[in-house]
$ cat work.txt   # compact mmCIF, C-alpha atoms and all ligand atoms
# COMPACT_ATOMS: atom_id res chain seq x y z
CA MET B 184 0.00 0.00 0.00
CA THR B 185 0.98 3.61 -0.03
CA VAL B 186 0.80 5.55 3.21
CA ASN B 187 0.85 9.31 2.92
CA GLY B 188 2.26 8.96 -0.58
CA GLU B 189 5.06 6.53 0.29
CA ALA B 190 5.02 2.90 -0.78
CA VAL B 191 5.24 0.58 2.21
CA THR B 192 5.34 -3.19 2.51
CA VAL B 193 4.24 -4.72 5.80
CA ALA B 194 4.09 -8.36 6.84
CA THR B 195 1.18 -8.75 9.21
CA PRO B 196 -1.00 -11.47 10.72
CA PRO B 197 -4.28 -11.71 8.82
CA HIS B 198 -6.36 -10.52 11.77
CA TYR B 199 -4.46 -7.24 12.20
CA THR B 200 -6.48 -4.11 11.59
CA LEU B 201 -5.27 -1.17 9.56
CA LEU B 202 -5.11 0.81 12.80
CA GLU B 203 -2.79 -1.75 14.41
CA VAL B 204 -0.50 -1.73 11.39
CA LEU B 205 -0.37 2.06 11.27
CA ARG B 206 0.27 2.50 14.99
CA TYR B 207 2.32 -0.54 15.92
CA LYS B 208 4.20 -1.45 12.76
CA LEU B 209 4.63 1.93 11.09
CA ASP B 210 4.76 4.12 14.23
CA LEU B 211 2.10 6.44 12.85
CA ILE B 212 0.40 7.12 16.17
CA GLY B 213 -1.65 10.13 15.06
CA SER B 214 -4.64 7.88 14.41
CA LYS B 215 -6.00 7.13 17.87
CA GLN B 216 -7.11 3.82 19.33
CA GLY B 217 -10.16 4.82 21.32
CA CYS B 218 -13.05 2.41 21.59
CA ASP B 219 -11.52 -0.04 19.06
CA LYS B 220 -15.03 -1.11 18.06
CA GLY B 221 -16.37 1.52 15.67
CA ASP B 222 -18.08 3.86 18.09
CA CYS B 223 -15.83 6.92 18.49
CA GLY B 224 -14.21 7.76 15.15
CA ALA B 225 -10.83 8.56 16.74
CA CYS B 226 -9.16 6.07 14.39
CA THR B 227 -10.51 7.62 11.17
CA VAL B 228 -8.10 7.58 8.22
CA GLN B 229 -8.72 7.80 4.50
CA LEU B 230 -8.59 4.85 2.13
CA ASP B 231 -8.36 6.03 -1.47
CA GLY B 232 -9.62 9.39 -0.21
CA THR B 233 -12.65 8.07 1.64
CA PRO B 234 -12.83 8.21 5.45
CA VAL B 235 -12.85 4.78 7.07
CA LEU B 236 -12.64 3.51 10.63
CA ALA B 237 -9.19 1.97 10.78
CA CYS B 238 -10.12 -0.11 13.84
CA LEU B 239 -12.77 -1.93 11.81
CA THR B 240 -10.74 -2.22 8.59
CA LEU B 241 -8.54 -5.26 8.19
CA ALA B 242 -5.05 -4.29 7.12
CA ALA B 243 -5.32 -6.66 4.17
CA VAL B 244 -8.13 -4.54 2.76
CA ALA B 245 -5.61 -1.75 2.25
CA GLN B 246 -3.32 -3.88 0.10
CA GLY B 247 -2.47 -2.00 -3.09
CA ARG B 248 -4.44 1.06 -2.01
CA ALA B 249 -3.68 4.58 -0.83
CA VAL B 250 -3.93 5.29 2.90
CA THR B 251 -3.80 8.83 4.26
CA THR B 252 -3.42 9.53 7.94
CA VAL B 253 -3.36 12.79 9.86
CA GLU B 254 0.43 12.75 9.54
CA GLY B 255 0.00 13.16 5.78
CA LEU B 256 -2.77 15.73 5.92
CA GLY B 257 -0.63 18.81 5.48
CA LEU B 258 1.81 17.36 2.96
CA ALA B 259 0.10 18.74 -0.13
CA ALA B 260 -0.46 22.07 1.61
CA GLY B 261 3.19 22.63 2.44
CA GLY B 262 3.02 21.34 6.00
CA VAL B 263 -0.18 22.77 7.48
CA HIS B 264 -3.57 22.04 6.00
CA PRO B 265 -6.16 24.86 6.10
CA LEU B 266 -8.21 22.70 8.47
CA GLN B 267 -5.32 22.39 10.89
CA ASP B 268 -4.76 26.13 10.73
CA ALA B 269 -8.46 26.78 11.36
CA PHE B 270 -8.57 24.35 14.30
CA ASP B 271 -5.69 26.27 15.81
CA ARG B 272 -7.26 29.70 15.29
CA HIS B 273 -10.68 28.59 16.60
CA ASP B 274 -9.35 26.60 19.60
CA ALA B 275 -11.20 23.61 18.20
CA ALA B 276 -9.04 21.06 20.02
CA GLN B 277 -8.83 20.64 23.77
CA CYS B 278 -7.39 17.27 24.80
CA GLY B 279 -6.96 16.58 21.08
CA PHE B 280 -7.72 12.88 21.23
CA CYS B 281 -10.57 13.15 18.74
CA THR B 282 -8.85 15.69 16.51
CA PRO B 283 -6.96 13.45 14.06
CA GLY B 284 -10.09 11.50 13.24
CA ILE B 285 -12.19 14.63 12.93
CA LEU B 286 -9.65 16.21 10.61
CA MET B 287 -9.66 13.18 8.32
CA SER B 288 -13.45 13.12 8.14
CA ALA B 289 -13.64 16.88 7.61
CA GLU B 290 -10.94 16.90 4.95
CA ALA B 291 -13.00 14.67 2.68
CA LEU B 292 -15.93 17.05 3.07
CA VAL B 293 -14.06 20.25 2.25
CA ARG B 294 -11.94 18.65 -0.49
CA ASP B 295 -14.96 17.36 -2.38
CA ARG B 296 -16.64 20.78 -2.38
CA PRO B 297 -16.81 21.99 -6.00
CA PRO B 298 -15.09 25.32 -6.62
CA GLY B 299 -17.65 28.12 -6.59
CA ALA B 300 -20.10 26.19 -4.41
CA GLY B 301 -19.34 28.33 -1.37
CA PRO B 302 -18.29 27.01 2.01
CA VAL B 303 -19.84 23.93 3.53
CA SER B 304 -22.83 24.52 5.78
CA ARG B 305 -22.91 23.80 9.48
CA ASP B 306 -25.41 21.00 8.86
CA GLU B 307 -23.10 19.43 6.28
CA VAL B 308 -20.29 19.50 8.83
CA ARG B 309 -22.52 17.94 11.48
CA GLU B 310 -23.46 15.15 9.08
CA ALA B 311 -19.88 14.52 7.96
CA LEU B 312 -18.69 14.36 11.58
CA ALA B 313 -21.61 12.34 12.90
CA GLY B 314 -19.33 9.36 13.53
CA ASN B 315 -16.65 11.34 15.33
CA LEU B 316 -17.20 11.82 19.06
CA CYS B 317 -15.63 14.66 21.04
CA ARG B 318 -15.89 14.74 24.82
CA CYS B 319 -14.36 18.18 25.32
CA THR B 320 -15.41 20.92 22.94
CA GLY B 321 -19.18 20.68 22.57
CA TYR B 322 -18.54 20.65 18.80
CA THR B 323 -19.31 24.34 18.19
CA LYS B 324 -15.70 25.39 17.71
CA ILE B 325 -15.02 22.35 15.56
CA ILE B 326 -17.88 23.30 13.26
CA ASP B 327 -16.70 26.93 13.23
CA ALA B 328 -13.24 25.77 12.18
CA VAL B 329 -14.40 23.47 9.39
CA VAL B 330 -16.70 26.12 7.90
CA ASP B 331 -13.89 28.69 8.12
CA ALA B 332 -11.39 26.36 6.45
CA SER B 333 -13.89 25.57 3.72
CA ALA B 334 -14.49 29.28 3.09
CA ARG B 335 -10.77 29.92 2.81
CA MET B 336 -10.28 26.97 0.47
CA GLN B 337 -13.13 28.19 -1.70
CA ALA B 338 -11.61 31.69 -1.78
CA THR B 339 -8.24 30.25 -2.73
CA ALA B 340 -9.79 28.15 -5.48
CA ALA B 341 -11.49 31.27 -6.82
CA GLY B 342 -8.17 33.09 -6.86
CA GLY B 343 -9.09 35.40 -4.00
CA ARG B 344 -6.98 36.37 -1.05
CA GLU B 345 -7.14 34.25 2.10
S1 LIG S 1 -11.15 3.49 17.75
FE1 LIG S 1 -12.13 3.15 15.85
S2 LIG S 1 -14.14 3.93 16.11
FE2 LIG S 1 -13.21 4.14 18.08
S1 LIG S 2 -10.85 17.64 22.08
FE1 LIG S 2 -10.95 16.14 23.68
S2 LIG S 2 -12.22 14.58 22.84
FE2 LIG S 2 -12.30 16.17 21.38

$ encode --input "work.txt" --output "structure tokens"
Amino acid sequence: MTVNGEAVTVATPPHYTLLEVLRYKLDLIGSKQGCDKGDCGACTVQLDGTPVLACLTLAAVAQGRAVTTVEGLGLAAGGVHPLQDAFDRHDAAQCGFCTPGILMSAEALVRDRPPGAGPVSRDEVREALAGNLCRCTGYTKIIDAVVDASARMQATAAGGRE
């Protein structure tokens, strides 16, 4: 598979999940092991650009495919993705345990927004993040940050100033 754009080969027992391979064989510990049963979303990564729960995804499913984790989120943006910048400016992370998963779910939402469509709505953010639990923030600042990042990305796509 490729992980954050780099080809990797991993020998793993057939029952290992993608989350276990990422955290314990590749030392990519940004993706969090929370509930480990599909309830919290802290383990969310992208498989071929689509958010998936890495704790419920067998590693073998990722064979030959592209995996993106929070560690790779800013790579195409020169180190800091607009979402990460917005989370910082809006204080959208407290303990931060949920943040990697939320960023990976949110990135798919803002990336897939057609240029000229305007920023995502608060309801669209709520729907996209419905599987990501946060015990600290009350979600308001997270939604603020995602809408802000989407607006900035739309402005950039339109050639405007950020
Ligand atoms: S650790 Fe995967 S959903 Fe909670
Ligand atoms: S910031 Fe603590 S769980 Fe979300």

$ residues_around --input "work.txt" --residues "B:Leu236" --least-positions-apart "3" --cutoff "9 Å" --atoms "only C-alpha atoms" --output "MDAnalysis selection string"
chainID B and resid 201:202 221 224:229 239:240 284

$ residues_near_ligand --input "work.txt" --ligand "ligand LIG 2 (chain S)" --cutoff "8 Å" --atoms "only C-alpha atoms and all ligand atoms" --output "number ranges by chain"
B: 275-282, 316-320

$ residues_around --input "work.txt" --residues "B:Ala311" --least-positions-apart "6" --cutoff "7 Å" --atoms "all atoms listed in the file" --output "number ranges by chain"
B: 288-289, 292

$ closest_residue --input "work.txt" --among "B:Tyr207, B:Thr251, B:Val244, B:Pro234" --to "B:Thr185" --atoms "only C-alpha atoms"
B:Thr251

$ closest_residue --input "work.txt" --among "B:Val303, B:Glu203, B:Asn187, B:Gln216" --to "B:Gly255" --atoms "all atoms listed in the file"
B:Asn187

$ closest_residue --input "work.txt" --among "B:Gly213, B:Gly299, B:Gly314, B:Pro197" --to "ligand LIG 1 (chain S)" --atoms "all atoms listed in the file"
B:Gly314

$ atom_distance --input "work.txt" --atom1 "atom CA of B:Val293" --atom2 "atom CA of B:Val308"
9.1 Å

$ closest_residue --input "work.txt" --among "B:Ala190, B:Lys208, B:Leu286, B:Cys238" --to "B:Val263" --atoms "all atoms listed in the file"
B:Leu286

$ atom_distance --input "work.txt" --atom1 "atom CA of B:Asp306" --atom2 "atom CA of B:Cys223"
19.6 Å

$ atom_distance --input "work.txt" --atom1 "atom CA of B:Phe270" --atom2 "atom CA of B:Pro302"
15.9 Å

$ residues_around --input "work.txt" --residues "B:Val204" --least-positions-apart "5" --cutoff "12 Å" --atoms "only C-alpha atoms" --output "number ranges by chain"
B: 184, 186, 191-199, 209-212, 214, 216, 237-238, 240-246, 250

$ write_last_selection --input "work.txt" --atoms "C-alpha atoms" --output "PDB file, keeping the file's coordinate frame"
ATOM      1  CA  MET B 184       0.000   0.000   0.000  1.00  0.00           C
ATOM      2  CA  VAL B 186       0.800   5.550   3.210  1.00  0.00           C
ATOM      3  CA  VAL B 191       5.240   0.580   2.210  1.00  0.00           C
ATOM      4  CA  THR B 192       5.340  -3.190   2.510  1.00  0.00           C
ATOM      5  CA  VAL B 193       4.240  -4.720   5.800  1.00  0.00           C
ATOM      6  CA  ALA B 194       4.090  -8.360   6.840  1.00  0.00           C
ATOM      7  CA  THR B 195       1.180  -8.750   9.210  1.00  0.00           C
ATOM      8  CA  PRO B 196      -1.000 -11.470  10.720  1.00  0.00           C
ATOM      9  CA  PRO B 197      -4.280 -11.710   8.820  1.00  0.00           C
ATOM     10  CA  HIS B 198      -6.360 -10.520  11.770  1.00  0.00           C
ATOM     11  CA  TYR B 199      -4.460  -7.240  12.200  1.00  0.00           C
ATOM     12  CA  LEU B 209       4.630   1.930  11.090  1.00  0.00           C
ATOM     13  CA  ASP B 210       4.760   4.120  14.230  1.00  0.00           C
ATOM     14  CA  LEU B 211       2.100   6.440  12.850  1.00  0.00           C
ATOM     15  CA  ILE B 212       0.400   7.120  16.170  1.00  0.00           C
ATOM     16  CA  SER B 214      -4.640   7.880  14.410  1.00  0.00           C
ATOM     17  CA  GLN B 216      -7.110   3.820  19.330  1.00  0.00           C
ATOM     18  CA  ALA B 237      -9.190   1.970  10.780  1.00  0.00           C
ATOM     19  CA  CYS B 238     -10.120  -0.110  13.840  1.00  0.00           C
ATOM     20  CA  THR B 240     -10.740  -2.220   8.590  1.00  0.00           C
ATOM     21  CA  LEU B 241      -8.540  -5.260   8.190  1.00  0.00           C
ATOM     22  CA  ALA B 242      -5.050  -4.290   7.120  1.00  0.00           C
ATOM     23  CA  ALA B 243      -5.320  -6.660   4.170  1.00  0.00           C
ATOM     24  CA  VAL B 244      -8.130  -4.540   2.760  1.00  0.00           C
ATOM     25  CA  ALA B 245      -5.610  -1.750   2.250  1.00  0.00           C
ATOM     26  CA  GLN B 246      -3.320  -3.880   0.100  1.00  0.00           C
ATOM     27  CA  VAL B 250      -3.930   5.290   2.900  1.00  0.00           C
TER      28      VAL B 250
END

$ closest_residue --input "work.txt" --among "B:Asp268, B:Asp219, B:Asp274, B:Asp295" --to "ligand LIG 1 (chain S)" --atoms "all atoms listed in the file"
B:Asp219

$ closest_residue --input "work.txt" --among "B:Ala313, B:Ile326, B:Ala341, B:Ala291" --to "ligand LIG 1 (chain S)" --atoms "all atoms listed in the file"
B:Ala313

$ axis_aligned_box --input "work.txt" --around "ligand LIG 1 (chain S)" --padding-each-side "4 Å" --output "AutoDock Vina command-line options"
--center_x -12.6 --center_y 3.6 --center_z 17.0 --size_x 11.0 --size_y 9.0 --size_z 10.2

$ decode --input "work.txt" --residues "stretch 204-230 of chain B" --atoms "N, CA, C and O atoms" --output "CSV table (one decimal), in the first residue's frame"
chain,number,residue,atom,x,y,z
B,204,VAL,N,-1.7,-1.8,12.3
B,204,VAL,CA,-0.5,-1.7,11.4
B,204,VAL,C,0.0,-0.3,11.4
B,204,VAL,O,1.3,-0.1,11.5
B,205,LEU,N,-0.8,0.7,11.3
B,205,LEU,CA,-0.4,2.1,11.3
B,205,LEU,C,0.3,2.4,12.6
B,205,LEU,O,1.4,3.0,12.6
B,206,ARG,N,-0.3,2.1,13.7
B,206,ARG,CA,0.3,2.5,15.0
B,206,ARG,C,1.5,1.7,15.4
B,206,ARG,O,2.4,2.2,16.0
B,207,TYR,N,1.3,0.3,15.3
B,207,TYR,CA,2.3,-0.5,15.9
B,207,TYR,C,3.4,-1.1,15.0
B,207,TYR,O,4.4,-1.6,15.4
B,208,LYS,N,3.2,-1.0,13.7
B,208,LYS,CA,4.2,-1.5,12.8
B,208,LYS,C,4.8,-0.3,12.0
B,208,LYS,O,6.0,-0.4,11.6
B,209,LEU,N,4.1,0.8,11.8
B,209,LEU,CA,4.6,1.9,11.1
B,209,LEU,C,4.9,3.1,12.0
B,209,LEU,O,5.3,4.2,11.5
B,210,ASP,N,4.5,3.0,13.3
B,210,ASP,CA,4.8,4.1,14.2
B,210,ASP,C,4.0,5.4,13.9
B,210,ASP,O,4.5,6.5,14.2
B,211,LEU,N,2.9,5.3,13.2
B,211,LEU,CA,2.1,6.4,12.8
B,211,LEU,C,1.0,6.5,13.9
B,211,LEU,O,-0.1,5.9,13.8
B,212,ILE,N,1.3,7.2,15.0
B,212,ILE,CA,0.4,7.1,16.2
B,212,ILE,C,-0.6,8.3,16.2
B,212,ILE,O,-1.3,8.5,17.2
B,213,GLY,N,-0.7,9.1,15.1
B,213,GLY,CA,-1.6,10.1,15.1
B,213,GLY,C,-3.1,9.6,15.1
B,213,GLY,O,-3.9,10.2,15.8
B,214,SER,N,-3.3,8.5,14.4
B,214,SER,CA,-4.6,7.9,14.4
B,214,SER,C,-4.8,7.2,15.8
B,214,SER,O,-4.0,6.4,16.2
B,215,LYS,N,-5.9,7.6,16.5
B,215,LYS,CA,-6.0,7.1,17.9
B,215,LYS,C,-6.8,5.8,18.0
B,215,LYS,O,-7.7,5.6,17.3
B,216,GLN,N,-6.4,5.0,19.0
B,216,GLN,CA,-7.1,3.8,19.3
B,216,GLN,C,-8.0,4.1,20.5
B,216,GLN,O,-7.5,4.1,21.7
B,217,GLY,N,-9.2,4.5,20.2
B,217,GLY,CA,-10.2,4.8,21.3
B,217,GLY,C,-11.0,3.6,21.7
B,217,GLY,O,-10.5,2.8,22.5
B,218,CYS,N,-12.2,3.5,21.2
B,218,CYS,CA,-13.0,2.4,21.6
B,218,CYS,C,-12.6,1.1,21.0
B,218,CYS,O,-12.9,0.0,21.5
B,219,ASP,N,-12.0,1.1,19.8
B,219,ASP,CA,-11.5,0.0,19.1
B,219,ASP,C,-12.7,-0.9,18.6
B,219,ASP,O,-12.5,-2.1,18.4
B,220,LYS,N,-13.9,-0.3,18.5
B,220,LYS,CA,-15.0,-1.1,18.1
B,220,LYS,C,-16.0,-0.3,17.2
B,220,LYS,O,-17.2,-0.6,17.1
B,221,GLY,N,-15.5,0.8,16.6
B,221,GLY,CA,-16.4,1.5,15.7
B,221,GLY,C,-17.3,2.6,16.2
B,221,GLY,O,-18.2,3.1,15.5
B,222,ASP,N,-17.1,2.9,17.5
B,222,ASP,CA,-18.1,3.9,18.1
B,222,ASP,C,-17.6,5.3,18.1
B,222,ASP,O,-18.4,6.2,18.1
B,223,CYS,N,-16.3,5.6,18.2
B,223,CYS,CA,-15.8,6.9,18.5
B,223,CYS,C,-15.3,7.7,17.3
B,223,CYS,O,-15.2,8.9,17.4
B,224,GLY,N,-14.8,7.1,16.3
B,224,GLY,CA,-14.2,7.8,15.1
B,224,GLY,C,-12.8,8.3,15.3
B,224,GLY,O,-12.2,8.9,14.4
B,225,ALA,N,-12.2,8.0,16.5
B,225,ALA,CA,-10.8,8.6,16.7
B,225,ALA,C,-9.8,7.9,15.8
B,225,ALA,O,-8.7,8.5,15.6
B,226,CYS,N,-10.1,6.8,15.2
B,226,CYS,CA,-9.2,6.1,14.4
B,226,CYS,C,-9.3,6.4,12.9
B,226,CYS,O,-8.7,5.8,12.1
B,227,THR,N,-10.2,7.4,12.6
B,227,THR,CA,-10.5,7.6,11.2
B,227,THR,C,-9.3,8.0,10.3
B,227,THR,O,-8.5,8.9,10.7
B,228,VAL,N,-9.1,7.3,9.2
B,228,VAL,CA,-8.1,7.6,8.2
B,228,VAL,C,-8.8,7.6,6.9
B,228,VAL,O,-10.0,7.3,6.8
B,229,GLN,N,-8.1,7.9,5.8
B,229,GLN,CA,-8.7,7.8,4.5
B,229,GLN,C,-8.1,6.7,3.7
B,229,GLN,O,-6.9,6.5,3.7
B,230,LEU,N,-9.0,5.9,3.0
B,230,LEU,CA,-8.6,4.8,2.1
B,230,LEU,C,-9.0,5.3,0.7
B,230,LEU,O,-10.2,5.4,0.5
